[in-house]
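Data first, discussion second: the structure below is written as structure tokens.
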Amino acid sequence: QARLQDRVAVITGAGSGIGLATARRFASEGAKVVAVDLNPDAGKAAAEEVGGEFVAADVADEQAVKALFDGVAERYGRVDIAFNNAGISPPDDDSILDTGLEAWERVLKVNTTSVYFCCKYAIPHMRAQGKGSIINTASFVALLGAATSQIAYTASKGAVLSMTRELGVQFAREGIRVNALCPGPIATPLLMELFAKDPERAARRLVHVPMGRFGEPEEIAGAVAFLASDDASFITASTFVVDGGITGA
Ligand code: NAD
């Protein structure tokens, strides 16, 4: 039997990059994938490709997130996995000296408040079934001063890490595992867009990756599938780093 056979898995930001690669990986391991995205074309295409369901939702909208998880529980009878992955890294999120309040609040809302919403509305269903796995996407920039100059992004991911630890501990005895994923630089549209604006930045970043290359979305998807599965049954409140060696260097 496949490792994620018939597990009901919600993936936010499933239309692109890490979310898309994970949708493919989850489906290949037997999961029923609910692909969530703001972008209907990309989300629909992802869902169709993996034989899953597409749900259009803005993860920064509390009512939309509540409707998402309640709807999944109603249609499938359970919510086994929540991969809270949708996030933004706007090219104009820059040095603190140039970051306006509006930009700051937008990044915090999409990257952090969304995780609060997703956990808040996934946990009651997982609690009722006595089991569940939540994976929240942070970043290696939450673990070290990476000089990315992205002040809102870095802060938003640090908050995801501490929220994850707290929830992991709080729900550990109820069968709900909550882990944070810290990808290093991964070749996805999010990062490539940033590097297109500032090509020197890509070169600077590579110098700090011991493996000397960017990661591929599939290399994150494998880690997410592991954390989602029973192979990770003793892992909770953890910070799972997949970064080509950056934070170990
Ligand atoms: P991506 O831009 O390729 O994909 C993100 C997807 O999320 C897109 O399909 C987008 O439409 C969707 N999305 C954005 N805002 C949304 C919203 N409000 N509601 C619903 N969907 C929304 O990005 P990616 O590189 O795959 O990043 C995925 C996650 O991994 C993000 O949280 C990102 O911060 C994190 N991350 C990425 C890297 C990297 O190097 N690519 C490194 C560390 C962490």
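Ligands are numbered from 1 in the order shown, chains are lettered A, B, ... in the order of the structure tokens, and residues start at 1 in each chain.
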Identify, on the basis of only C-alpha atoms, every residue whose closest approach to Pro189 in chain A does not exceed 9 Å; exclude the query and any residue fewer than 3 positions from it along the same chain; express the result as a list in words.
Ser16, Gly17, Met192, Glu193 and Leu194 of chain A
Got a sec to tell me which of range 64-204 of chain A DSSP assigns to strand (DSSP E or B), as a ChimeraX atom specification?
/A:81-84,132-137,176-183,186
Could you dump the residues just selected with N, CA and C atoms as an mmCIF file, in the first residue's frame?
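Generated file (part32.cif):
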data_model
loop_
_atom_site.group_PDB
_atom_site.id
_atom_site.type_symbol
_atom_site.label_atom_id
_atom_site.label_comp_id
_atom_site.auth_asym_id
_atom_site.auth_seq_id
_atom_site.Cartn_x
_atom_site.Cartn_y
_atom_site.Cartn_z
ATOM 1 N N ILE A 81 -4.006 15.883 6.011
ATOM 2 C CA ILE A 81 -2.757 16.618 5.818
ATOM 3 C C ILE A 81 -3.073 18.053 5.391
ATOM 4 N N ALA A 82 -2.408 19.007 6.020
ATOM 5 C CA ALA A 82 -2.504 20.399 5.556
ATOM 6 C C ALA A 82 -1.089 20.884 5.271
ATOM 7 N N PHE A 83 -0.781 21.116 4.023
ATOM 8 C CA PHE A 83 0.518 21.676 3.645
ATOM 9 C C PHE A 83 0.284 23.157 3.369
ATOM 10 N N ASN A 84 0.590 23.973 4.373
ATOM 11 C CA ASN A 84 0.336 25.411 4.303
ATOM 12 C C ASN A 84 1.545 26.093 3.672
ATOM 13 N N GLY A 132 -3.503 13.886 12.518
ATOM 14 C CA GLY A 132 -3.343 14.841 11.428
ATOM 15 C C GLY A 132 -1.904 15.295 11.338
ATOM 16 N N SER A 133 -1.532 15.764 10.159
ATOM 17 C CA SER A 133 -0.174 16.277 9.972
ATOM 18 C C SER A 133 -0.243 17.626 9.268
ATOM 19 N N ILE A 134 0.352 18.621 9.912
ATOM 20 C CA ILE A 134 0.393 19.970 9.347
ATOM 21 C C ILE A 134 1.842 20.300 9.036
ATOM 22 N N ILE A 135 2.075 20.808 7.844
ATOM 23 C CA ILE A 135 3.421 21.257 7.482
ATOM 24 C C ILE A 135 3.308 22.721 7.060
ATOM 25 N N ASN A 136 3.983 23.590 7.793
ATOM 26 C CA ASN A 136 3.957 25.021 7.488
ATOM 27 C C ASN A 136 5.266 25.424 6.817
ATOM 28 N N THR A 137 5.160 26.155 5.719
ATOM 29 C CA THR A 137 6.381 26.522 5.003
ATOM 30 C C THR A 137 6.971 27.814 5.549
ATOM 31 N N ILE A 176 -1.896 15.203 16.619
ATOM 32 C CA ILE A 176 -1.676 16.160 15.524
ATOM 33 C C ILE A 176 -0.210 16.572 15.524
ATOM 34 N N ARG A 177 0.476 16.303 14.426
ATOM 35 C CA ARG A 177 1.872 16.724 14.299
ATOM 36 C C ARG A 177 1.929 18.014 13.498
ATOM 37 N N VAL A 178 2.712 18.966 13.995
ATOM 38 C CA VAL A 178 2.838 20.259 13.304
ATOM 39 C C VAL A 178 4.324 20.546 13.124
ATOM 40 N N ASN A 179 4.775 20.592 11.894
ATOM 41 C CA ASN A 179 6.192 20.814 11.611
ATOM 42 C C ASN A 179 6.381 21.968 10.637
ATOM 43 N N ALA A 180 7.533 22.580 10.729
ATOM 44 C CA ALA A 180 7.870 23.672 9.807
ATOM 45 C C ALA A 180 8.937 23.205 8.839
ATOM 46 N N LEU A 181 8.780 23.640 7.630
ATOM 47 C CA LEU A 181 9.733 23.298 6.581
ATOM 48 C C LEU A 181 10.533 24.555 6.250
ATOM 49 N N CYS A 182 11.859 24.415 6.201
ATOM 50 C CA CYS A 182 12.700 25.553 5.833
ATOM 51 C C CYS A 182 13.470 25.242 4.554
ATOM 52 N N PRO A 183 12.882 25.577 3.412
ATOM 53 C CA PRO A 183 13.624 25.352 2.167
ATOM 54 C C PRO A 183 14.737 26.383 2.020
ATOM 55 N N ILE A 186 15.163 27.651 -3.871
ATOM 56 C CA ILE A 186 14.637 26.620 -4.764
ATOM 57 C C ILE A 186 14.252 27.281 -6.092
#
Skip Gly175 in chain A itself and residues of its chain fewer than 5 positions away, then list as a list in words all residues within 9 Å of it, counting only C-alpha atoms.
Met126, Arg127, Gln129, Gly130, Lys131, Gly132 and Ser133 of chain A
Selected residues, C-alpha atoms, written as a PDB file, in the first residue's frame, please.
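File written: out10.pdb
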ATOM      1  CA  MET A 126      -7.811  16.687  12.916  1.00  0.00           C
ATOM      2  CA  ARG A 127      -8.645  16.796  16.596  1.00  0.00           C
ATOM      3  CA  GLN A 129     -10.302  12.283  14.105  1.00  0.00           C
ATOM      4  CA  GLY A 130      -7.406  12.072  16.615  1.00  0.00           C
ATOM      5  CA  LYS A 131      -4.785  12.371  13.901  1.00  0.00           C
ATOM      6  CA  GLY A 132      -3.343  14.841  11.428  1.00  0.00           C
ATOM      7  CA  SER A 133      -0.174  16.277   9.972  1.00  0.00           C
TER       8      SER A 133
END
Looking at only C-alpha atoms, which of A:Ser95, A:Ser229, A:Ser156, A:Thr164 is the one that sits closest to Arg7 in chain A?
A:Ser229
State, in Å with one decimal place, the distance from CA of Val141 in chain A to CA of Cys119 in chain A.
22.0 Å
Per-residue nearest contacts chain A to ligand 1, cut-off 9 Å, using only C-alpha atoms and all ligand atoms, as a tab-separated table:
residue	atom	partner	partner_atom_place_in_ligand_line	distance
A:Thr12	CA	ligand 1	21 (N)	5.9
A:Gly13	CA	ligand 1	7 (O)	3.3
A:Ala14	CA	ligand 1	9 (O)	5.8
A:Gly15	CA	ligand 1	9 (O)	4.0
A:Ser16	CA	ligand 1	9 (O)	4.1
A:Gly17	CA	ligand 1	26 (O)	3.4
A:Ile18	CA	ligand 1	26 (O)	3.7
A:Gly19	CA	ligand 1	26 (O)	5.6
A:Leu20	CA	ligand 1	26 (O)	7.4
A:Ala21	CA	ligand 1	26 (O)	8.4
A:Val36	CA	ligand 1	20 (C)	6.4
A:Asp37	CA	ligand 1	21 (N)	3.9
A:Leu38	CA	ligand 1	20 (C)	4.0
A:Asn39	CA	ligand 1	11 (O)	4.8
A:Pro40	CA	ligand 1	11 (O)	8.3
A:Ala42	CA	ligand 1	9 (O)	6.5
A:Gly43	CA	ligand 1	9 (O)	6.9
A:Ala56	CA	ligand 1	20 (C)	7.6
A:Ala57	CA	ligand 1	20 (C)	5.6
A:Asp58	CA	ligand 1	19 (N)	3.5
A:Val59	CA	ligand 1	19 (N)	4.0
A:Ala60	CA	ligand 1	18 (N)	5.2
A:Asp61	CA	ligand 1	18 (N)	7.8
A:Asn84	CA	ligand 1	32 (O)	7.8
A:Asn85	CA	ligand 1	32 (O)	4.7
A:Ala86	CA	ligand 1	7 (O)	4.0
A:Gly87	CA	ligand 1	32 (O)	3.5
A:Ile88	CA	ligand 1	34 (O)	5.6
A:Ser89	CA	ligand 1	34 (O)	6.2
A:Lys109	CA	ligand 1	18 (N)	8.3
A:Val110	CA	ligand 1	18 (N)	5.2
A:Asn111	CA	ligand 1	32 (O)	6.3
A:Ser114	CA	ligand 1	18 (N)	7.7
A:Asn136	CA	ligand 1	32 (O)	8.3
A:Thr137	CA	ligand 1	32 (O)	5.3
A:Ala138	CA	ligand 1	44 (C)	5.7
A:Ser139	CA	ligand 1	43 (C)	4.0
A:Phe140	CA	ligand 1	43 (C)	6.2
A:Val141	CA	ligand 1	43 (C)	7.5
A:Tyr153	CA	ligand 1	34 (O)	7.7
A:Lys157	CA	ligand 1	34 (O)	7.6
A:Leu181	CA	ligand 1	44 (C)	8.1
A:Cys182	CA	ligand 1	43 (C)	6.1
A:Pro183	CA	ligand 1	43 (C)	4.3
A:Gly184	CA	ligand 1	42 (C)	5.0
A:Pro185	CA	ligand 1	40 (O)	3.5
A:Ile186	CA	ligand 1	40 (O)	3.7
A:Ala187	CA	ligand 1	41 (N)	5.8
A:Thr188	CA	ligand 1	25 (O)	4.6
A:Pro189	CA	ligand 1	3 (O)	4.4
A:Leu190	CA	ligand 1	2 (O)	3.9
A:Leu191	CA	ligand 1	41 (N)	4.9
A:Met192	CA	ligand 1	41 (N)	7.9
A:Glu193	CA	ligand 1	2 (O)	8.8
A:Phe214	CA	ligand 1	40 (O)	8.0
A:Gly215	CA	ligand 1	40 (O)	7.8
A:Glu216	CA	ligand 1	41 (N)	8.8
A:Pro217	CA	ligand 1	26 (O)	7.1
A:Asp243	CA	ligand 1	42 (C)	8.5
Just the selected residues (C-alpha atoms), exported as a PDB file, in the first residue's frame, please.
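Full text of selection_22.pdb as output:
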ATOM      1  CA  THR A  12      -2.164  25.775  -0.556  1.00  0.00           C
ATOM      2  CA  GLY A  13      -0.319  27.438  -3.410  1.00  0.00           C
ATOM      3  CA  ALA A  14      -0.571  24.182  -5.363  1.00  0.00           C
ATOM      4  CA  GLY A  15      -0.528  25.912  -8.737  1.00  0.00           C
ATOM      5  CA  SER A  16       3.207  26.552  -8.905  1.00  0.00           C
ATOM      6  CA  GLY A  17       6.662  25.688  -7.639  1.00  0.00           C
ATOM      7  CA  ILE A  18       6.934  23.740  -4.402  1.00  0.00           C
ATOM      8  CA  GLY A  19       3.155  23.324  -4.035  1.00  0.00           C
ATOM      9  CA  LEU A  20       2.804  21.886  -7.534  1.00  0.00           C
ATOM     10  CA  ALA A  21       5.705  19.470  -7.090  1.00  0.00           C
ATOM     11  CA  VAL A  36      -5.776  25.427  -3.414  1.00  0.00           C
ATOM     12  CA  ASP A  37      -4.619  28.544  -5.205  1.00  0.00           C
ATOM     13  CA  LEU A  38      -5.489  32.163  -5.814  1.00  0.00           C
ATOM     14  CA  ASN A  39      -4.703  31.697  -9.490  1.00  0.00           C
ATOM     15  CA  PRO A  40      -7.559  29.676 -11.010  1.00  0.00           C
ATOM     16  CA  ALA A  42      -2.693  27.301 -12.465  1.00  0.00           C
ATOM     17  CA  GLY A  43      -4.708  25.724  -9.646  1.00  0.00           C
ATOM     18  CA  ALA A  56     -10.028  28.719  -5.442  1.00  0.00           C
ATOM     19  CA  ALA A  57      -9.182  30.569  -2.248  1.00  0.00           C
ATOM     20  CA  ASP A  58      -7.129  33.460  -0.976  1.00  0.00           C
ATOM     21  CA  VAL A  59      -5.357  32.107   2.098  1.00  0.00           C
ATOM     22  CA  ALA A  60      -5.240  35.619   3.525  1.00  0.00           C
ATOM     23  CA  ASP A  61      -9.054  35.626   3.730  1.00  0.00           C
ATOM     24  CA  ASN A  84       0.336  25.411   4.303  1.00  0.00           C
ATOM     25  CA  ASN A  85       2.648  26.510   1.555  1.00  0.00           C
ATOM     26  CA  ALA A  86       1.210  29.536  -0.265  1.00  0.00           C
ATOM     27  CA  GLY A  87       3.432  32.550   0.142  1.00  0.00           C
ATOM     28  CA  ILE A  88       4.759  35.620  -1.588  1.00  0.00           C
ATOM     29  CA  SER A  89       8.138  37.238  -1.861  1.00  0.00           C
ATOM     30  CA  LYS A 109      -0.894  38.664   5.935  1.00  0.00           C
ATOM     31  CA  VAL A 110      -0.176  36.244   3.077  1.00  0.00           C
ATOM     32  CA  ASN A 111       2.789  34.461   4.672  1.00  0.00           C
ATOM     33  CA  SER A 114      -2.653  32.684   6.418  1.00  0.00           C
ATOM     34  CA  ASN A 136       3.957  25.021   7.488  1.00  0.00           C
ATOM     35  CA  THR A 137       6.381  26.522   5.003  1.00  0.00           C
ATOM     36  CA  ALA A 138       8.927  28.867   6.524  1.00  0.00           C
ATOM     37  CA  SER A 139      12.365  29.436   4.956  1.00  0.00           C
ATOM     38  CA  PHE A 140      16.066  29.156   5.741  1.00  0.00           C
ATOM     39  CA  VAL A 141      16.071  32.970   6.042  1.00  0.00           C
ATOM     40  CA  TYR A 153       9.536  38.255   4.209  1.00  0.00           C
ATOM     41  CA  LYS A 157       8.838  33.307   8.117  1.00  0.00           C
ATOM     42  CA  LEU A 181       9.733  23.298   6.581  1.00  0.00           C
ATOM     43  CA  CYS A 182      12.700  25.553   5.833  1.00  0.00           C
ATOM     44  CA  PRO A 183      13.624  25.352   2.167  1.00  0.00           C
ATOM     45  CA  GLY A 184      16.834  26.899   0.931  1.00  0.00           C
ATOM     46  CA  PRO A 185      16.767  28.719  -2.411  1.00  0.00           C
ATOM     47  CA  ILE A 186      14.637  26.620  -4.764  1.00  0.00           C
ATOM     48  CA  ALA A 187      14.320  27.200  -8.500  1.00  0.00           C
ATOM     49  CA  THR A 188      10.662  28.265  -8.629  1.00  0.00           C
ATOM     50  CA  PRO A 189       8.904  31.281 -10.192  1.00  0.00           C
ATOM     51  CA  LEU A 190       8.966  33.032  -6.779  1.00  0.00           C
ATOM     52  CA  LEU A 191      12.752  33.057  -6.573  1.00  0.00           C
ATOM     53  CA  MET A 192      13.515  33.399 -10.264  1.00  0.00           C
ATOM     54  CA  GLU A 193      11.393  36.550 -10.435  1.00  0.00           C
ATOM     55  CA  PHE A 214      19.676  25.894  -6.241  1.00  0.00           C
ATOM     56  CA  GLY A 215      17.317  23.166  -5.097  1.00  0.00           C
ATOM     57  CA  GLU A 216      14.568  21.728  -7.236  1.00  0.00           C
ATOM     58  CA  PRO A 217      10.907  21.807  -6.121  1.00  0.00           C
ATOM     59  CA  ASP A 243      18.761  23.877   2.090  1.00  0.00           C
TER      60      ASP A 243
END
Write out as a list in words the set of residues from range 95-135 of chain A that DSSP, computed on the backbone, places in alpha helix (DSSP H).
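For range 95-135 of chain A, the alpha helix (DSSP H) set is Leu101, Glu102, Ala103, Trp104, Glu105, Arg106, Val107, Leu108, Ser114, Val115, Tyr116, Phe117, Cys118, Cys119, Lys120, Tyr121, Ala122, Ile123, Pro124, His125, Met126, Arg127, Ala128 and Gln129 of chain A.
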Restricting the output to N, CA and C atoms, write the selected residues as a PDB file, in the first residue's frame.
ATOM      1  N   LEU A 101       4.589  50.506   5.258  1.00  0.00           N
ATOM      2  CA  LEU A 101       3.702  49.715   6.116  1.00  0.00           C
ATOM      3  C   LEU A 101       2.765  48.831   5.301  1.00  0.00           C
ATOM      4  N   GLU A 102       2.313  49.349   4.169  1.00  0.00           N
ATOM      5  CA  GLU A 102       1.355  48.581   3.366  1.00  0.00           C
ATOM      6  C   GLU A 102       1.998  47.291   2.843  1.00  0.00           C
ATOM      7  N   ALA A 103       3.212  47.409   2.336  1.00  0.00           N
ATOM      8  CA  ALA A 103       3.927  46.245   1.810  1.00  0.00           C
ATOM      9  C   ALA A 103       4.201  45.254   2.943  1.00  0.00           C
ATOM     10  N   TRP A 104       4.650  45.777   4.079  1.00  0.00           N
ATOM     11  CA  TRP A 104       4.914  44.945   5.263  1.00  0.00           C
ATOM     12  C   TRP A 104       3.666  44.141   5.648  1.00  0.00           C
ATOM     13  N   GLU A 105       2.526  44.848   5.722  1.00  0.00           N
ATOM     14  CA  GLU A 105       1.300  44.195   6.174  1.00  0.00           C
ATOM     15  C   GLU A 105       0.811  43.147   5.176  1.00  0.00           C
ATOM     16  N   ARG A 106       1.000  43.414   3.908  1.00  0.00           N
ATOM     17  CA  ARG A 106       0.570  42.466   2.873  1.00  0.00           C
ATOM     18  C   ARG A 106       1.368  41.154   2.997  1.00  0.00           C
ATOM     19  N   VAL A 107       2.683  41.273   3.133  1.00  0.00           N
ATOM     20  CA  VAL A 107       3.532  40.076   3.230  1.00  0.00           C
ATOM     21  C   VAL A 107       3.206  39.291   4.503  1.00  0.00           C
ATOM     22  N   LEU A 108       3.059  39.996   5.607  1.00  0.00           N
ATOM     23  CA  LEU A 108       2.717  39.320   6.868  1.00  0.00           C
ATOM     24  C   LEU A 108       1.377  38.612   6.756  1.00  0.00           C
ATOM     25  N   SER A 114      -2.047  33.810   7.154  1.00  0.00           N
ATOM     26  CA  SER A 114      -2.653  32.684   6.418  1.00  0.00           C
ATOM     27  C   SER A 114      -2.369  31.357   7.133  1.00  0.00           C
ATOM     28  N   VAL A 115      -1.190  31.222   7.691  1.00  0.00           N
ATOM     29  CA  VAL A 115      -0.827  29.982   8.386  1.00  0.00           C
ATOM     30  C   VAL A 115      -1.645  29.864   9.686  1.00  0.00           C
ATOM     31  N   TYR A 116      -1.810  31.004  10.324  1.00  0.00           N
ATOM     32  CA  TYR A 116      -2.679  31.033  11.514  1.00  0.00           C
ATOM     33  C   TYR A 116      -4.096  30.594  11.135  1.00  0.00           C
ATOM     34  N   PHE A 117      -4.631  31.125  10.032  1.00  0.00           N
ATOM     35  CA  PHE A 117      -5.981  30.726   9.589  1.00  0.00           C
ATOM     36  C   PHE A 117      -6.020  29.225   9.263  1.00  0.00           C
ATOM     37  N   CYS A 118      -5.055  28.756   8.484  1.00  0.00           N
ATOM     38  CA  CYS A 118      -5.083  27.347   8.041  1.00  0.00           C
ATOM     39  C   CYS A 118      -4.997  26.399   9.233  1.00  0.00           C
ATOM     40  N   CYS A 119      -4.128  26.703  10.190  1.00  0.00           N
ATOM     41  CA  CYS A 119      -4.022  25.842  11.371  1.00  0.00           C
ATOM     42  C   CYS A 119      -5.304  25.914  12.191  1.00  0.00           C
ATOM     43  N   LYS A 120      -5.810  27.118  12.352  1.00  0.00           N
ATOM     44  CA  LYS A 120      -7.008  27.322  13.165  1.00  0.00           C
ATOM     45  C   LYS A 120      -8.194  26.521  12.632  1.00  0.00           C
ATOM     46  N   TYR A 121      -8.305  26.427  11.294  1.00  0.00           N
ATOM     47  CA  TYR A 121      -9.473  25.749  10.733  1.00  0.00           C
ATOM     48  C   TYR A 121      -9.201  24.297  10.333  1.00  0.00           C
ATOM     49  N   ALA A 122      -7.956  23.874  10.311  1.00  0.00           N
ATOM     50  CA  ALA A 122      -7.664  22.454  10.038  1.00  0.00           C
ATOM     51  C   ALA A 122      -7.696  21.656  11.340  1.00  0.00           C
ATOM     52  N   ILE A 123      -7.178  22.253  12.412  1.00  0.00           N
ATOM     53  CA  ILE A 123      -7.008  21.527  13.676  1.00  0.00           C
ATOM     54  C   ILE A 123      -8.310  20.938  14.247  1.00  0.00           C
ATOM     55  N   PRO A 124      -9.428  21.658  14.232  1.00  0.00           N
ATOM     56  CA  PRO A 124     -10.640  21.050  14.806  1.00  0.00           C
ATOM     57  C   PRO A 124     -11.004  19.724  14.133  1.00  0.00           C
ATOM     58  N   HIS A 125     -10.802  19.630  12.827  1.00  0.00           N
ATOM     59  CA  HIS A 125     -11.128  18.380  12.118  1.00  0.00           C
ATOM     60  C   HIS A 125     -10.120  17.292  12.477  1.00  0.00           C
ATOM     61  N   MET A 126      -8.852  17.664  12.568  1.00  0.00           N
ATOM     62  CA  MET A 126      -7.811  16.687  12.916  1.00  0.00           C
ATOM     63  C   MET A 126      -8.009  16.208  14.351  1.00  0.00           C
ATOM     64  N   ARG A 127      -8.412  17.114  15.192  1.00  0.00           N
ATOM     65  CA  ARG A 127      -8.645  16.796  16.596  1.00  0.00           C
ATOM     66  C   ARG A 127      -9.787  15.790  16.724  1.00  0.00           C
ATOM     67  N   ALA A 128     -10.832  16.017  15.954  1.00  0.00           N
ATOM     68  CA  ALA A 128     -12.001  15.116  16.003  1.00  0.00           C
ATOM     69  C   ALA A 128     -11.620  13.719  15.546  1.00  0.00           C
ATOM     70  N   GLN A 129     -10.692  13.613  14.599  1.00  0.00           N
ATOM     71  CA  GLN A 129     -10.302  12.283  14.105  1.00  0.00           C
ATOM     72  C   GLN A 129      -9.099  11.717  14.865  1.00  0.00           C
TER      73      GLN A 129
END
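Of note, CA of Leu4 in chain A and CA of Glu29 in chain A are spaced 5.2 Å apart.
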Tell me which protein, DNA and RNA residues are within 10 Å of range 97-99 of chain A, counting only C-alpha atoms, leaving out same-chain ones fewer than 4 positions away, and put them as number ranges by chain.
A: 92-93, 103-104, 149-152
Print the selection's residues with N, CA and C atoms to a file, as a short mmCIF file (atom, residue, chain, number, x, y, z; two decimals), in the first residue's frame.
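As a result, selection.cif now contains:
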data_model
loop_
_atom_site.label_atom_id
_atom_site.label_comp_id
_atom_site.auth_asym_id
_atom_site.auth_seq_id
_atom_site.Cartn_x
_atom_site.Cartn_y
_atom_site.Cartn_z
N ASP A 92 9.51 44.07 -4.33
CA ASP A 92 9.63 45.39 -3.70
C ASP A 92 9.71 45.31 -2.18
N ASP A 93 9.76 44.08 -1.64
CA ASP A 93 9.99 43.91 -0.20
C ASP A 93 11.49 44.01 -0.01
N ALA A 103 3.21 47.41 2.34
CA ALA A 103 3.93 46.25 1.81
C ALA A 103 4.20 45.25 2.94
N TRP A 104 4.65 45.78 4.08
CA TRP A 104 4.91 44.94 5.26
C TRP A 104 3.67 44.14 5.65
N SER A 149 17.93 41.31 2.59
CA SER A 149 17.30 42.63 2.58
C SER A 149 15.79 42.56 2.45
N GLN A 150 15.22 41.38 2.68
CA GLN A 150 13.76 41.29 2.58
C GLN A 150 13.20 41.26 3.99
N ILE A 151 12.96 42.44 4.51
CA ILE A 151 12.65 42.52 5.94
C ILE A 151 11.30 41.91 6.28
N ALA A 152 10.27 42.20 5.47
CA ALA A 152 8.94 41.67 5.78
C ALA A 152 8.91 40.15 5.58
#
Test item: residues at most 7 Å from range 50-53 of chain A, only C-alpha atoms, excluding those fewer than 5 positions along its chain, as a VMD selection string
chain A and resid 23 to 24 27 32 to 35
Residues from last step as file, N, CA and C atoms, as a PDB file, in the first residue's frame:
ATOM      1  N   ALA A  23       2.029  18.435  -4.880  1.00  0.00           N
ATOM      2  CA  ALA A  23       0.750  17.855  -5.328  1.00  0.00           C
ATOM      3  C   ALA A  23       1.043  16.594  -6.143  1.00  0.00           C
ATOM      4  N   ARG A  24       2.022  16.688  -7.031  1.00  0.00           N
ATOM      5  CA  ARG A  24       2.387  15.515  -7.859  1.00  0.00           C
ATOM      6  C   ARG A  24       2.895  14.375  -6.971  1.00  0.00           C
ATOM      7  N   ALA A  27       0.088  12.796  -4.818  1.00  0.00           N
ATOM      8  CA  ALA A  27      -0.797  11.960  -5.646  1.00  0.00           C
ATOM      9  C   ALA A  27      -0.099  10.646  -6.000  1.00  0.00           C
ATOM     10  N   LYS A  32      -5.384  11.840  -1.798  1.00  0.00           N
ATOM     11  CA  LYS A  32      -6.413  12.597  -2.501  1.00  0.00           C
ATOM     12  C   LYS A  32      -6.054  14.068  -2.310  1.00  0.00           C
ATOM     13  N   VAL A  33      -5.729  14.739  -3.382  1.00  0.00           N
ATOM     14  CA  VAL A  33      -5.182  16.095  -3.284  1.00  0.00           C
ATOM     15  C   VAL A  33      -6.260  17.153  -3.489  1.00  0.00           C
ATOM     16  N   VAL A  34      -6.316  18.091  -2.547  1.00  0.00           N
ATOM     17  CA  VAL A  34      -7.138  19.291  -2.726  1.00  0.00           C
ATOM     18  C   VAL A  34      -6.168  20.428  -2.997  1.00  0.00           C
ATOM     19  N   ALA A  35      -6.142  20.877  -4.244  1.00  0.00           N
ATOM     20  CA  ALA A  35      -5.198  21.903  -4.687  1.00  0.00           C
ATOM     21  C   ALA A  35      -5.829  23.277  -4.544  1.00  0.00           C
TER      22      ALA A  35
END
When you count only C-alpha atoms, which of these residues is closest to Ala31 in chain A: A:Ala221, A:Leu227, A:Val10, A:Ile235?
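Looking at the shortest contact to Ala31 in chain A, the residue is A:Val10.
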